[in-house]
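S.K.: The following block contains the structure, expressed as C-alpha cells.
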Amino acid sequence: MDGFLEIILAGTLAGTLSRVMLLRIDYRQYPGYPHGMVAHLSLGVIASAIGAVVVPALLKPDFAAVTFLALAAQQFREIRGMERITLENLDRNELVHRGNDYIEGIARTFEARNYLVMGTAVLTGAAYHLGNLLAAVIMAALAIIFSRSFMSGETIGDICRVEPARLYFQDTILKVDEIGIMTVGLKEMREKILQDGLAVKITPLNVNARATIHDLGQRMAIAHTAAVILGIKKDIDTPELTPLARKNIDTGDVGLYIVPMEKDMEALLLAVKRTPVLESARSKPLATQAGRKAARKNV
C-alpha cells in the first residue's frame, strides 16, 4: 500500500506541475482572472490524481478503477463546452471580437491540456514503479517538455512574412499598399486615420499558409490580437476605427489596418507574428495532388 501511495503522489505532483507550466495567463487565453486560475489548476490536480491512480489500479489489479478514465473524459468534454459558452458571452462585449474559431480553439486547448496532464501522471507513476525516484523525475521532465512543445503550436510568423505597409487613401477608399480596406466618408476621420493609423502586410510563404490566412476566423484572430496588445482608438460609435484584415484577391496577401493607442510599428509586427494559427483555419492544399498541381501552375 505504501508503494502504491508513493506512485500516486509522484504522478499527481508531476501532473500538477505540468498543468501549472501549461496554464498561460496572457493576452490570448482565458482565464485571465484569479478565479479562473484556481478553477483550472484545481481541475489539473484532479486530472493528475486520476492519471496517477491508473498504474496502481493495473498492478492491484483493480480494473474497475480504470473505468474512471472514461468518466474523466466525459467531464473534460463538458469543461470544453463550459469554456466555449463563457468565452462567447465575454466576446459579445469586445470592441474587436475574437471570433467563433478562436474561441473554439481555446476551448479545445483547455480540454487537451487535461489529457496531457493525465498522461504525464501515468508515465511518471510507471517510471517510479519500474525504476526509482530519479527515473520518475526524468520521465516527468520529459513529459512536461513534450507537453509544452506539443501545445505551443504554429504562429503567423512561422508561416508568413509580416512587414510594415503604406496606409493611404485613394479618393475615399482606405488602402494598405494595393489592398482596399474600406470606404471612409468623413474627411475628419480620414485625417485621423492617416495621422494615427498603422498598417502591415502579411505575405504567405506557401500555398498552405495562403489558405490559412484566407480563413475569416484567422484574420479576425489577427485583428483581435493586435487590438488587445496595442489598444485601439475605437468606441461603439466609431466603426471606421475598427481594425480590419482584408486580402488581395489576386495575390493572396493580407493587409491589416489599425488605429492603436500605442503607435508602435515594432510592437504591431510582433503581435501579428505571435498570433496563433487556429486549428480550424489550418489548411494543407499541398498535401493533395490537385493542390500541388495548382501551385506549380501558378509559380
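Letters A, B, ... go to the chains of the C-alpha cells in the order shown; residues in each chain start at 1; ligands are counted from 1 in the same order.
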I'd like the neighbourhood of Ile159 of chain A as a VMD selection string, where a residue qualifies if any of its atoms comes within 9 Å (using only C-alpha atoms), though same-chain residues fewer than 5 positions away should be ignored.

M.R.: chain A and resid 154 203 to 206 208 to 210 277

S.K.: Would you give me, as JSON lines, each residue of segment 128-164 of chain A having an atom within 8 Å of an atom of segment 18-24 of chain A, along with its shortest atom pair and that distance in Å to one decimal, using only C-alpha atoms and sorting by chain and residue number?

M.R.:
```
{"residue": "A:Ile144", "atom": "CA", "partner": "A:Ser18", "partner_atom": "CA", "distance": 5.4}
{"residue": "A:Ser147", "atom": "CA", "partner": "A:Ser18", "partner_atom": "CA", "distance": 7.7}
{"residue": "A:Arg148", "atom": "CA", "partner": "A:Leu22", "partner_atom": "CA", "distance": 6.4}
{"residue": "A:Met151", "atom": "CA", "partner": "A:Leu22", "partner_atom": "CA", "distance": 8.0}
```

S.K.: Please return as an NGL selection string: the residues of segment 158-239 of chain A that backbone DSSP assigns to strand (DSSP E).

M.R.: :A and (160-164 or 167-170 or 173-176 or 179-183 or 198-204)

S.K.: Smallest atom-to-atom distance to Glu188 of chain A: which of A:Glu6, A:Glu240, A:Asp250, A:Glu163, using only C-alpha atoms?

M.R.: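 With only C-alpha atoms as the atom set, the closest residue is A:Glu240.
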
S.K.: Pick the closest to Val176 of chain A from A:Leu95, A:Ala70, A:Ile258, A:Val53: which is it, counting only C-alpha atoms?

M.R.: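 Once distances to Val176 of chain A are computed over only C-alpha atoms, the minimum belongs to A:Ile258.
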
S.K.: Can you tell me how far atom CA of Ile232 of chain A sits from atom CA of Val259 of chain A, in Å to one decimal?

M.R.: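 Interatomic distance here is 5.8 Å.
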
S.K.: How many Å separate atom CA of Thr124 of chain A from atom CA of Ile106 of chain A?

M.R.: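 One can read the atom CA of Thr124 of chain A to atom CA of Ile106 of chain A distance as 27.0 Å.
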
S.K.: From a DSSP pass on the backbone, collect the residues of segment 119-214 of chain A flagged as alpha helix (DSSP H) and hand them back as a PyMOL selection string.

M.R.: chain A and resi 119-130+133-152+156-159+187-196+207-213

S.K.: Put those residues in a file: C-alpha atoms, as a PDB file, in the first residue's frame.

M.R.:
```
ATOM      1  CA  GLY A 119      -0.625  11.257 -19.472  1.00  0.00           C
ATOM      2  CA  THR A 120       2.201  12.906 -17.533  1.00  0.00           C
ATOM      3  CA  ALA A 121       0.881  11.422 -14.275  1.00  0.00           C
ATOM      4  CA  VAL A 122       0.578   7.916 -15.767  1.00  0.00           C
ATOM      5  CA  LEU A 123       4.094   7.945 -17.243  1.00  0.00           C
ATOM      6  CA  THR A 124       5.641   9.354 -14.071  1.00  0.00           C
ATOM      7  CA  GLY A 125       3.899   6.751 -11.919  1.00  0.00           C
ATOM      8  CA  ALA A 126       5.046   3.963 -14.228  1.00  0.00           C
ATOM      9  CA  ALA A 127       8.631   5.253 -14.173  1.00  0.00           C
ATOM     10  CA  TYR A 128       8.567   5.388 -10.373  1.00  0.00           C
ATOM     11  CA  HIS A 129       7.326   1.801 -10.171  1.00  0.00           C
ATOM     12  CA  LEU A 130       9.767   0.391 -12.748  1.00  0.00           C
ATOM     13  CA  LEU A 133      12.654   8.490  -7.826  1.00  0.00           C
ATOM     14  CA  LEU A 134      15.323   9.650 -10.278  1.00  0.00           C
ATOM     15  CA  ALA A 135      13.628   7.786 -13.134  1.00  0.00           C
ATOM     16  CA  ALA A 136      10.314   9.390 -12.180  1.00  0.00           C
ATOM     17  CA  VAL A 137      11.881  12.874 -12.154  1.00  0.00           C
ATOM     18  CA  ILE A 138      13.436  12.328 -15.591  1.00  0.00           C
ATOM     19  CA  MET A 139      10.182  10.988 -17.011  1.00  0.00           C
ATOM     20  CA  ALA A 140       8.202  13.897 -15.550  1.00  0.00           C
ATOM     21  CA  ALA A 141      10.649  16.405 -17.049  1.00  0.00           C
ATOM     22  CA  LEU A 142      10.456  14.757 -20.481  1.00  0.00           C
ATOM     23  CA  ALA A 143       6.656  14.631 -20.354  1.00  0.00           C
ATOM     24  CA  ILE A 144       6.412  18.304 -19.375  1.00  0.00           C
ATOM     25  CA  ILE A 145       8.807  19.327 -22.161  1.00  0.00           C
ATOM     26  CA  PHE A 146       6.784  17.310 -24.676  1.00  0.00           C
ATOM     27  CA  SER A 147       3.511  18.827 -23.429  1.00  0.00           C
ATOM     28  CA  ARG A 148       4.822  22.388 -23.740  1.00  0.00           C
ATOM     29  CA  SER A 149       6.182  21.823 -27.242  1.00  0.00           C
ATOM     30  CA  PHE A 150       3.022  19.995 -28.316  1.00  0.00           C
ATOM     31  CA  MET A 151       0.735  22.779 -27.080  1.00  0.00           C
ATOM     32  CA  SER A 152       2.824  25.688 -28.369  1.00  0.00           C
ATOM     33  CA  ILE A 156       1.560  33.577 -38.070  1.00  0.00           C
ATOM     34  CA  GLY A 157       5.254  34.454 -38.003  1.00  0.00           C
ATOM     35  CA  ASP A 158       6.090  30.801 -38.747  1.00  0.00           C
ATOM     36  CA  ILE A 159       4.076  30.656 -41.949  1.00  0.00           C
ATOM     37  CA  LYS A 187     -12.783  63.987 -44.072  1.00  0.00           C
ATOM     38  CA  GLU A 188     -12.012  64.394 -40.359  1.00  0.00           C
ATOM     39  CA  MET A 189     -11.973  60.630 -39.895  1.00  0.00           C
ATOM     40  CA  ARG A 190      -9.673  60.160 -42.907  1.00  0.00           C
ATOM     41  CA  GLU A 191      -7.237  62.662 -41.420  1.00  0.00           C
ATOM     42  CA  LYS A 192      -7.401  60.867 -38.061  1.00  0.00           C
ATOM     43  CA  ILE A 193      -6.647  57.517 -39.682  1.00  0.00           C
ATOM     44  CA  LEU A 194      -3.666  58.860 -41.633  1.00  0.00           C
ATOM     45  CA  GLN A 195      -2.307  60.614 -38.546  1.00  0.00           C
ATOM     46  CA  ASP A 196      -2.641  57.772 -36.018  1.00  0.00           C
ATOM     47  CA  VAL A 207       0.102  27.761 -50.648  1.00  0.00           C
ATOM     48  CA  ASN A 208      -0.741  26.174 -47.283  1.00  0.00           C
ATOM     49  CA  ALA A 209      -0.106  29.473 -45.489  1.00  0.00           C
ATOM     50  CA  ARG A 210      -2.167  31.339 -48.056  1.00  0.00           C
ATOM     51  CA  ALA A 211      -5.151  29.074 -47.453  1.00  0.00           C
ATOM     52  CA  THR A 212      -4.751  29.531 -43.694  1.00  0.00           C
ATOM     53  CA  ILE A 213      -4.719  33.339 -43.639  1.00  0.00           C
TER      54      ILE A 213
END
```

S.K.: From the options A:Asp101, A:Glu78, A:Asp253, A:Glu178, which residue's atoms come nearest to Pro276 of chain A, counting only C-alpha atoms?

M.R.: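 Of A:Asp101, A:Glu78, A:Asp253, A:Glu178, the one nearest Pro276 of chain A, counting only C-alpha atoms, is A:Asp101.
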
S.K.: Find the residues near Ile222 of chain A: any atom within 7 Å, counting only C-alpha atoms, skip ones fewer than 4 places away on the same chain, and give them as a list in words.

M.R.: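 Those residues are Gln218, Ala226, Val272 and Thr275 of chain A.
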
S.K.: Which residue gives the smallest distance to Lys60 of chain A among A:Val228, A:Phe4, A:Thr16, A:Pro260, with only C-alpha atoms counted?

M.R.: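 Of all the options, A:Phe4 lies closest to Lys60 of chain A.
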